[in-house]
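Heads up, the thing below is written out as structure tokens.
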Amino acid sequence: MSLNPSEERLKAYVEGHRDERQHWREKVRHVSAKSADLHEVAQVLERDLRSYLRERASVVPALRAGSTADAVARLSLRNLAEYWLRVWSEPRRKPPGADRTSPAFPPQA
């Protein structure tokens, strides 16, 4: 999975700060436990990440690059949301008869 530069900066910031990492790990686990629909969970996390980036970019110089209000509104943080879901959420069982080769996030039409 490849992350865009803004996602990379945000990931590096969060992973470099223990309290921030713990907050996001718990948030991912909490949000993913509420819904069986991984696409819905990723959308919620993306929205929360966008708000978080907007807030943190105002005080963290490393996150300011390309983080104007307009840029953040257009920015996709979906890959980072999906990455953290894969890394931090509890594994889910596939329903009986599900194709074991299908990806966790199948393409949407």
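By convention in this document, the chains of the structure tokens carry letters A, B, ... by their order, each chain's residues are numbered from 1, and ligands are numbered from 1 in the order they are shown.
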
Would you write out, as JSON lines, a table of all residues in range 21-87 of chain A that have an atom no more than 9 Å from an atom of range 8-17 of chain A, listing for each the closest atom pair and the distance in Å to one decimal, considering only C-alpha atoms and ordering rows by chain and rising residue number?
{"residue": "A:Arg21", "atom": "CA", "partner": "A:Val14", "partner_atom": "CA", "distance": 5.1}
{"residue": "A:Gln22", "atom": "CA", "partner": "A:His17", "partner_atom": "CA", "distance": 8.6}
{"residue": "A:Trp24", "atom": "CA", "partner": "A:Val14", "partner_atom": "CA", "distance": 7.9}
{"residue": "A:Leu49", "atom": "CA", "partner": "A:Leu10", "partner_atom": "CA", "distance": 8.9}
{"residue": "A:Leu53", "atom": "CA", "partner": "A:Leu10", "partner_atom": "CA", "distance": 7.3}
{"residue": "A:Ala62", "atom": "CA", "partner": "A:Arg9", "partner_atom": "CA", "distance": 7.3}
{"residue": "A:Leu63", "atom": "CA", "partner": "A:Arg9", "partner_atom": "CA", "distance": 6.4}
{"residue": "A:Leu80", "atom": "CA", "partner": "A:Lys11", "partner_atom": "CA", "distance": 7.5}

Looking at only C-alpha atoms, which of A:Arg54, A:Asp19, A:Ala36, A:Val41 is the one that sits closest to Leu85 in chain A? A:Val41

Need to verify the contact set: Glu26 in chain A, 12 Å, only C-alpha atoms, exclusion of same-chain residues closer than 4 positions in sequence. Can you return it as a list in words?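 Skipping anything fewer than 4 positions along the chain leaves Asp19, Glu20, Arg21, Gln22, His30, Val31, Ser32, Ala33, Leu45, Trp84, Leu85, Val87, Trp88, Ser89 and Glu90 of chain A.
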
Would you export the selected residues with C-alpha atoms as a JSON list (two decimals), in the first residue's frame, please?
[["chain", "number", "residue", "atom", "x", "y", "z"],
["A", 19, "ASP", "CA", 0.63, 9.31, 23.28],
["A", 20, "GLU", "CA", -0.60, 10.10, 19.77],
["A", 21, "ARG", "CA", 0.05, 6.53, 18.62],
["A", 22, "GLN", "CA", -1.82, 5.11, 21.61],
["A", 30, "HIS", "CA", -13.01, 1.33, 19.05],
["A", 31, "VAL", "CA", -14.42, 2.48, 15.71],
["A", 32, "SER", "CA", -13.78, -0.86, 14.00],
["A", 33, "ALA", "CA", -15.52, -2.76, 16.80],
["A", 45, "LEU", "CA", -11.42, 7.21, 10.29],
["A", 84, "TRP", "CA", -4.14, 1.46, 10.38],
["A", 85, "LEU", "CA", -7.27, -0.68, 10.23],
["A", 87, "VAL", "CA", -2.43, -3.06, 11.47],
["A", 88, "TRP", "CA", -4.34, -2.13, 14.62],
["A", 89, "SER", "CA", -7.83, -3.62, 14.45],
["A", 90, "GLU", "CA", -8.77, -7.08, 15.59]]

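The spacing separating CA of Leu77 in chain A from CA of Val28 in chain A amounts to 14.0 Å.
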
Which value, in Å to one decimal, gives the distance between CA of Glu55 in chain A and CA of His23 in chain A?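 Taking CA of Glu55 in chain A and CA of His23 in chain A, their separation equals 15.1 Å.
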
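Restricting the calculation to only C-alpha atoms, the smallest distance between Pro5 in chain A and any of A:Leu38, A:Val44, A:Val59, A:Leu75 is found for A:Leu75.
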